[in-house]
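Asker: Handing over work.txt, compact mmCIF, C-alpha atoms.
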# COMPACT_ATOMS: atom_id res chain seq x y z
CA MET A 1 -31.53 -21.39 -122.68
CA GLN A 2 -29.40 -23.22 -120.13
CA LEU A 3 -32.25 -25.53 -119.11
CA VAL A 4 -32.63 -27.05 -122.60
CA LEU A 5 -29.53 -29.23 -122.37
CA PRO A 6 -30.32 -30.99 -119.05
CA VAL A 7 -33.96 -31.47 -120.00
CA ARG A 8 -33.04 -32.90 -123.39
CA ARG A 9 -30.55 -35.23 -121.72
CA TYR A 10 -33.29 -36.35 -119.31
CA LEU A 11 -35.59 -37.22 -122.22
CA THR A 12 -32.80 -38.90 -124.18
CA ASN A 13 -32.08 -41.18 -121.22
CA ARG A 14 -35.72 -42.27 -121.58
CA HIS A 15 -35.18 -42.80 -125.33
CA ILE A 16 -37.41 -39.82 -126.20
CA THR A 17 -36.63 -37.34 -128.95
CA VAL A 18 -38.64 -34.14 -129.44
CA PRO A 19 -38.33 -31.14 -131.79
CA GLU A 20 -36.15 -28.33 -130.47
CA ASP A 21 -38.86 -25.68 -130.78
CA TRP A 22 -41.36 -27.83 -128.85
CA LEU A 23 -38.82 -28.44 -126.08
CA THR A 24 -38.01 -24.74 -125.74
CA ALA A 25 -41.68 -23.73 -125.73
CA CYS A 26 -42.52 -26.42 -123.19
CA ILE A 27 -39.79 -25.28 -120.80
CA ASP A 28 -41.00 -21.69 -121.10
CA TRP A 29 -44.54 -22.79 -120.31
CA VAL A 30 -43.45 -24.77 -117.24
CA LEU A 31 -41.49 -21.78 -115.94
CA SER A 32 -44.50 -19.51 -116.44
CA GLU A 33 -46.98 -21.92 -114.82
CA TYR A 34 -44.97 -22.99 -111.79
CA SER A 35 -42.97 -21.00 -109.33
CA GLN A 36 -40.23 -23.60 -109.13
CA ASN A 37 -37.22 -23.47 -111.42
CA LYS A 38 -35.27 -26.46 -110.15
CA VAL A 39 -33.95 -28.64 -112.93
CA PRO A 40 -35.36 -32.01 -111.68
CA PHE A 41 -38.83 -30.48 -111.34
CA ILE A 42 -38.73 -28.97 -114.83
CA GLN A 43 -37.43 -32.23 -116.30
CA GLU A 44 -40.32 -34.20 -114.83
CA GLN A 45 -42.92 -31.61 -115.90
CA VAL A 46 -41.65 -31.60 -119.49
CA TYR A 47 -41.80 -35.41 -119.49
CA GLN A 48 -45.41 -35.27 -118.25
CA GLU A 49 -46.25 -32.82 -121.03
CA TRP A 50 -44.76 -35.22 -123.58
CA LEU A 51 -46.92 -38.04 -122.21
CA HIS A 52 -50.02 -35.96 -122.98
CA ALA A 53 -48.81 -34.54 -126.30
CA ASP A 54 -49.94 -35.88 -129.69
CA LEU A 55 -46.87 -37.35 -131.38
CA THR A 56 -48.44 -36.86 -134.81
CA GLU A 57 -48.43 -33.10 -134.16
CA LEU A 58 -44.80 -33.24 -133.03
CA GLY A 59 -43.93 -35.17 -136.20
CA THR A 60 -41.39 -37.36 -134.42
CA CYS A 61 -40.02 -40.49 -136.05
CA CYS A 62 -38.16 -43.49 -134.65
CA LEU A 63 -39.43 -46.54 -136.60
CA PRO A 64 -37.53 -47.70 -139.71
CA PRO A 65 -38.97 -46.27 -142.96
CA GLN A 66 -41.33 -48.46 -145.02
CA ILE A 67 -41.57 -50.96 -142.18
CA GLN A 68 -45.10 -51.84 -143.35
CA ASP A 69 -43.75 -53.02 -146.73
CA HIS A 70 -41.62 -55.83 -145.29
CA LEU A 71 -43.13 -59.31 -145.36
CA SER A 72 -41.02 -60.45 -142.42
CA THR A 73 -38.28 -58.62 -140.55
CA THR A 74 -37.00 -57.72 -137.09
CA ILE A 75 -36.18 -54.35 -135.56
CA SER A 76 -33.94 -53.66 -132.60
CA GLY A 77 -33.68 -50.67 -130.31
CA TYR A 78 -35.97 -48.45 -128.26
CA PHE A 79 -39.15 -47.09 -129.84
CA PRO A 80 -41.43 -44.69 -127.89
CA LEU A 81 -44.85 -45.02 -129.55
CA GLN A 82 -48.37 -43.72 -129.08
CA SER A 83 -51.62 -45.66 -129.13
CA GLN A 84 -53.91 -44.09 -131.71
CA THR A 85 -57.19 -45.79 -130.85
CA GLN A 86 -58.78 -47.70 -128.02
CA ALA A 87 -57.10 -51.07 -127.69
CA ALA A 88 -59.33 -53.86 -128.99
CA ARG A 89 -59.71 -57.54 -128.15
CA GLU A 90 -62.26 -59.61 -130.08
CA LYS A 91 -62.77 -62.15 -127.29
CA ALA A 92 -61.50 -62.59 -123.76
CA ASP A 93 -59.16 -65.37 -124.88
CA ARG A 94 -57.88 -63.66 -128.03
CA MET A 95 -54.88 -61.41 -128.57
CA LEU A 96 -55.00 -57.65 -128.08
CA ILE A 97 -54.50 -55.38 -131.09
CA LEU A 98 -53.08 -51.84 -130.84
CA GLU A 99 -52.75 -49.15 -133.49
CA LEU A 100 -49.43 -47.44 -132.79
CA THR A 101 -47.48 -44.52 -134.24
CA ASP A 102 -44.12 -42.90 -133.68
CA GLY A 103 -45.57 -39.61 -134.90
CA THR A 104 -44.98 -40.34 -138.58
CA THR A 105 -45.41 -44.05 -139.27
CA VAL A 106 -48.50 -46.01 -138.23
CA VAL A 107 -48.21 -49.73 -137.44
CA GLU A 108 -50.17 -52.34 -135.51
CA GLY A 109 -49.03 -54.11 -132.38
CA MET A 110 -50.28 -57.62 -131.69
CA GLU A 111 -50.15 -59.35 -128.31
CA TYR A 112 -47.97 -62.23 -129.48
CA ARG A 113 -47.77 -63.68 -125.96
CA PRO A 114 -49.95 -62.88 -122.91
CA THR A 115 -48.91 -59.40 -121.75
CA PRO A 116 -50.45 -58.36 -118.41
CA ASN A 117 -49.43 -54.71 -118.75
CA LEU A 118 -51.60 -54.37 -121.88
CA SER A 119 -55.37 -54.13 -121.65
CA VAL A 120 -58.41 -52.75 -123.44
CA ASN A 121 -58.36 -49.91 -120.88
CA LEU A 122 -55.41 -48.23 -122.61
CA SER A 123 -56.65 -44.78 -123.62
CA PRO A 124 -55.98 -43.30 -127.06
CA GLY A 125 -52.79 -41.29 -126.79
CA THR A 126 -51.18 -43.61 -124.22
CA LYS A 127 -47.42 -43.77 -124.67
CA VAL A 128 -45.62 -47.11 -124.70
CA LEU A 129 -41.97 -48.03 -125.05
CA VAL A 130 -41.26 -50.96 -127.36
CA TYR A 131 -37.71 -52.20 -126.96
CA GLY A 132 -35.30 -55.05 -127.63
CA THR A 133 -35.55 -57.20 -130.75
CA ILE A 134 -39.07 -57.18 -132.11
CA LYS A 135 -40.42 -59.46 -134.81
CA VAL A 136 -42.43 -57.65 -137.51
CA ARG A 137 -44.76 -59.30 -140.01
CA ARG A 138 -46.55 -57.19 -142.63
CA GLY A 139 -46.27 -54.07 -140.49
CA ILE A 140 -47.46 -55.83 -137.33
CA LEU A 141 -45.20 -55.71 -134.26
CA PHE A 142 -45.24 -58.92 -132.24
CA LEU A 143 -45.51 -57.76 -128.63
CA THR A 144 -44.68 -59.72 -125.49
CA GLN A 145 -44.25 -58.91 -121.83
CA GLN A 146 -40.50 -58.73 -122.46
CA ASN A 147 -40.54 -56.04 -125.17
CA ILE A 148 -43.16 -53.43 -124.21
CA THR A 149 -43.70 -51.09 -121.26
CA VAL A 150 -46.68 -48.80 -120.77
CA LEU A 151 -45.49 -45.28 -119.93
CA GLY A 152 -48.89 -43.64 -119.49
CA GLY A 153 -50.52 -40.43 -120.68
CA LYS A 154 -53.44 -39.73 -123.00
CA VAL A 155 -54.48 -37.24 -125.67
CA MET A 156 -57.84 -35.54 -125.22
CA ASP A 157 -58.41 -34.97 -128.96
CA LEU A 158 -57.87 -38.66 -129.66
CA LEU A 159 -60.20 -39.58 -126.79
CA GLU A 160 -62.97 -37.44 -128.29
CA LYS A 161 -62.42 -38.81 -131.80
CA ASN A 162 -62.43 -42.36 -130.48
CA ASP A 163 -65.71 -41.75 -128.60
CA GLN A 164 -67.31 -40.44 -131.80
CA ARG A 165 -65.95 -43.39 -133.75
CA ASN A 166 -67.30 -45.93 -131.25
CA THR A 167 -70.69 -44.20 -131.23
CA LEU A 168 -70.88 -44.41 -135.02
CA ILE A 169 -69.79 -48.06 -135.07
CA THR A 170 -72.39 -48.94 -132.44
CA ALA A 171 -75.10 -47.19 -134.45
CA LEU A 172 -74.09 -48.95 -137.67
CA ASN A 173 -73.96 -52.34 -135.96
CA THR A 174 -77.42 -51.78 -134.53
CA GLN A 175 -78.78 -50.98 -137.99
CA ASP A 176 -77.16 -54.11 -139.40
CA ILE A 177 -78.76 -56.27 -136.71
CA ASP A 178 -82.19 -54.74 -137.33
CA SER A 179 -81.94 -55.32 -141.09
CA GLN A 180 -80.74 -58.92 -140.89
CA GLU A 181 -82.96 -61.75 -142.08
CA GLN A 182 -84.19 -64.50 -139.81
CA PRO A 183 -81.30 -66.80 -138.82
CA ARG A 184 -80.88 -69.93 -140.87
CA ARG A 185 -81.72 -73.30 -139.38
CA TYR A 186 -78.95 -75.84 -139.51
CA THR A 187 -79.12 -79.59 -139.39
CA SER A 188 -78.71 -81.57 -136.20
CA ASN A 189 -74.97 -82.05 -136.74
CA ASN A 190 -74.57 -78.35 -135.81
CA THR A 191 -72.45 -77.70 -138.86
CA GLN A 192 -72.08 -73.97 -139.28
CA PRO A 193 -70.42 -71.97 -142.03
CA GLY A 194 -67.04 -70.33 -141.56
CA THR A 195 -67.04 -66.78 -140.32
CA ASN A 196 -64.78 -63.80 -140.64
CA THR A 197 -65.69 -61.49 -137.79
CA GLY A 198 -64.03 -58.66 -135.94
CA ILE A 199 -64.42 -55.27 -134.29
CA ALA A 200 -62.70 -51.97 -134.87
CA GLY A 201 -58.93 -52.33 -134.55
CA ALA A 202 -59.12 -56.14 -134.22
CA ARG A 203 -58.34 -58.83 -136.83
CA SER A 204 -59.72 -62.27 -136.96
CA TYR A 205 -59.37 -64.90 -139.63
CA SER A 206 -61.54 -67.96 -139.17
CA ASN A 207 -63.21 -70.41 -141.52
CA SER A 208 -64.01 -74.08 -141.70
CA GLY A 209 -60.98 -74.81 -143.85
CA ALA A 210 -58.58 -73.01 -141.57
CA SER A 211 -59.86 -74.81 -138.48
CA ALA A 212 -58.95 -78.14 -140.00
CA ALA A 213 -55.35 -76.96 -140.31
CA LEU A 214 -54.97 -76.34 -136.57
CA PRO A 215 -53.12 -79.04 -134.62
CA THR A 216 -55.13 -81.31 -132.34
CA THR A 217 -54.20 -81.02 -128.68
CA ASN A 218 -55.35 -82.11 -125.30
CA GLU A 219 -57.71 -79.76 -123.52
CA ASP A 220 -55.02 -78.55 -121.11
CA GLU A 221 -52.36 -78.20 -123.78
CA GLU A 222 -51.71 -74.64 -124.97
CA ILE A 223 -52.08 -74.01 -128.69
CA ASP A 224 -49.63 -71.55 -130.20
CA PHE A 225 -52.06 -69.51 -132.27
CA PHE A 226 -49.18 -67.27 -133.32
CA ASP A 227 -47.00 -69.98 -134.84
CA ASP A 228 -45.70 -68.78 -138.23
CA GLU A 229 -47.38 -71.63 -140.11
CA ILE A 230 -50.75 -70.99 -138.48
CA PHE A 231 -50.33 -67.23 -138.75
CA GLU A 232 -49.97 -67.62 -142.51
CA SER A 233 -52.92 -70.03 -142.80
CA GLY A 234 -55.48 -67.24 -142.85
CA PHE A 235 -53.69 -65.51 -145.71
CA ASP A 236 -53.24 -68.83 -147.54
CA GLN A 237 -56.97 -69.52 -147.23
CA ASP A 238 -57.76 -66.09 -148.66
CA MET A 239 -55.40 -66.68 -151.58
CA ALA A 240 -56.89 -70.14 -152.24
CA LEU A 241 -60.40 -68.68 -152.28
CA GLU A 242 -59.32 -65.90 -154.61
CA ASN A 243 -57.68 -68.38 -157.00
CA GLU A 244 -60.83 -70.53 -156.93
CA LEU A 245 -62.98 -67.53 -157.82
CA VAL A 246 -60.62 -66.61 -160.66
CA GLN A 247 -60.74 -70.18 -161.96
CA ASP A 248 -64.55 -70.23 -161.75
CA SER A 249 -64.68 -67.00 -163.70
CA ALA A 250 -62.42 -68.45 -166.40
CA ASP A 251 -64.50 -71.62 -166.64
CA ASN A 252 -67.71 -69.60 -166.94
CA HIS A 253 -66.18 -67.48 -169.69
CA GLU A 254 -65.09 -70.59 -171.63
CA PHE A 255 -68.54 -72.14 -171.26
CA THR A 256 -70.20 -68.94 -172.55
CA GLU A 257 -67.97 -68.90 -175.62
CA GLU A 258 -68.81 -72.54 -176.39
CA LEU A 259 -72.52 -71.81 -176.01
CA ASN A 260 -72.29 -68.86 -178.39
CA LEU A 261 -70.51 -71.01 -180.99
CA GLU A 262 -73.23 -73.66 -180.73
CA ASN A 263 -75.93 -71.03 -181.20
CA GLU A 264 -74.17 -69.65 -184.28
CA PHE A 265 -73.84 -73.17 -185.73
CA ASP A 266 -77.55 -73.81 -185.16
CA GLU A 267 -78.48 -70.58 -186.92
CA ASP A 268 -76.25 -71.38 -189.91
CA LEU A 269 -77.73 -74.87 -190.13
CA ASP A 270 -81.30 -73.52 -190.06
CA GLU A 271 -80.48 -71.04 -192.80
CA PHE A 272 -78.92 -73.75 -194.96
CA MET A 273 -81.90 -76.10 -194.54
CA SER A 274 -84.35 -73.34 -195.47
CA GLN A 275 -82.60 -72.84 -198.81
CA MET A 276 -82.83 -76.50 -199.84
Go through the file and emit its structure as structure tokens.
Answerer:
Amino acid sequence: MQLVLPVRRYLTNRHITVPEDWLTACIDWVLSEYSQNKVPFIQEQVYQEWLHADLTELGTCCLPPQIQDHLSTTISGYFPLQSQTQAAREKADRMLILELTDGTTVVEGMEYRPTPNLSVNLSPGTKVLVYGTIKVRRGILFLTQQNITVLGGKVMDLLEKNDQRNTLITALNTQDIDSQEQPRRYTSNNTQPGTNTGIAGARSYSNSGASAALPTTNEDEEIDFFDDEIFESGFDQDMALENELVQDSADNHEFTEELNLENEFDEDLDEFMSQM
């Protein structure tokens, strides 16, 4: 089909790659649905169909393989991706978290710097173009205003699944609230325990130990919550807690063995005294 080449070139100029059979079928559908057969019109209609297509069904791939396995790396290029779930932000002043896919690989995108073109109103299935040199930590893309553009679109199946998911989460959260005990009363110094809270699609690491590690600043001074050292602090706190639990377990095991030996000694001594 003579229209395939110009339409494919149009998509390639937008850094989009699609399967050949999908492209051919899409062009046929556009020709059957619309009376126009001008190349620019068909190019734009095929692009609009791609915006509303599910990339996981197309099986496209543009991200490097095993990108989630790298502790710290960077990727460079143009990566058309699809938002899989409703974008989530834990608080108004916290970063936005997106679940993204190229059609094969699923990663997370984190609002590394304030990015006005990203919001919680992004629908599941929205297409975005991530470009330039992007920092990646543990499968999380660090997004800024300079390396992501929202292209648009949505996927109805993902919208329905996301609505069902949110309904279930809301129901579960309501049950948890109803079953909670009365809140504890704290002393007048307002000391409260560390928390680890979050909502679907959002991550938050916070505890009393981690807060002490944050730099002190003036009220008007901006804190870089995404500094590498602070970014690692949450993981370091988790590892420290895990090591402490392991050590406690080892100490308890050693104490139990000593107690058993003492009990055996007492029994042997009682038996010996009874025979005298």
Asker: Name the closest residue to Pro64 in chain A among the candidates A:Leu96, A:Ala88, A:Val136, A:Val120; distances are taken between atoms, counting all atoms listed in the file.
Answerer: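 Comparing A:Leu96, A:Ala88, A:Val136, A:Val120 against Pro64 in chain A, the winner is A:Val136.
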Asker: Do you have the CA of Val7 in chain A-CA of Pro40 in chain A distance handy?
Answerer: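 Between CA of Val7 in chain A and CA of Pro40 in chain A the gap is 8.5 Å.
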Asker: When you look at Pro124 in chain A with a cut-off of 9 Å (counting all atoms listed in the file), what residues show up, excluding the ones that are within fewer than 2 positions of it in the same chain? I need them as a list in words.
Answerer: Gln82, Ser83, Gln84, Thr85, Gln86, Ala87, Leu122, Thr126, Lys127, Gly153, Lys154, Val155, Met156, Asp157, Leu158, Leu159 and Asn162 of chain A
Asker: Return as JSON the centre and edge lengths, in Å with one decimal, of the box along x, y and z that encloses every atom of range 15-21 of chain A in the file, padded by 6 Å per side.
Answerer:
{"center_x": -37.0, "center_y": -34.2, "center_z": -128.6, "size_x": 15.7, "size_y": 29.1, "size_z": 18.5}
Asker: Between CA of Gln145 in chain A and CA of Glu99 in chain A, measure the distance and give it in Å to one decimal.
Answerer: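 Here the two named atoms are 17.4 Å from each other.
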Asker: For CA of Phe41 in chain A and CA of Ile27 in chain A, determine how far apart the two atoms are, in Å to one decimal place.
Answerer: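 Pair CA of Phe41 in chain A / CA of Ile27 in chain A returns 10.8 Å.
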Asker: Do a neighbour search on range 28-35 of chain A at 10 Å with all atoms listed in the file, toss out local chain neighbours closer than 4 positions, and write the hits as a PyMOL selection string.
Answerer: chain A and resi 1+3+22-24+41-43+45-46+49
Asker: Measuring atom to atom with only C-alpha atoms, identify which of A:Gln66, A:Gln36, A:Thr56, A:Thr115 is nearest to Val150 in chain A.
Answerer: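 Answer, going by the shortest atom-to-atom distance: A:Thr115.
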Asker: Got a sec to check which residues sit within 7 Å of (-45.7, -42.3, -128.9), counting only C-alpha atoms, and write them as a list in words?
Answerer: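 Here is the list of nearby residues: Leu55, Pro80, Leu81, Gln82, Ser83, Thr101, Asp102, Gly103, Lys127 and Val128 of chain A.
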Asker: Determine the nearest neighbour of Asn121 in chain A from the options A:Thr12, A:Glu44, A:Gly152, A:Gly109, counting only C-alpha atoms.
Answerer: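 Answer, going by the shortest atom-to-atom distance: A:Gly152.
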Asker: Name the closest residue to Thr104 in chain A among the candidates A:Leu51, A:Leu143, A:Ala25, A:Leu58; distances are taken between atoms, counting only C-alpha atoms.
Answerer: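 Ranked by minimum distance to Thr104 in chain A, first place goes to A:Leu58.
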Asker: Find, counting all atoms listed in the file, the residue in A:Phe142, A:Arg137, A:His52, A:Tyr131 that gets nearest to Glu111 in chain A.
Answerer: A:Phe142
Asker: Near range 68-78 of chain A, counting only C-alpha atoms, which residues have an atom at most 6 Å away, once you skip same-chain residues fewer than 4 positions from it, shown as a PyMOL selection string?
Answerer: chain A and resi 130-139
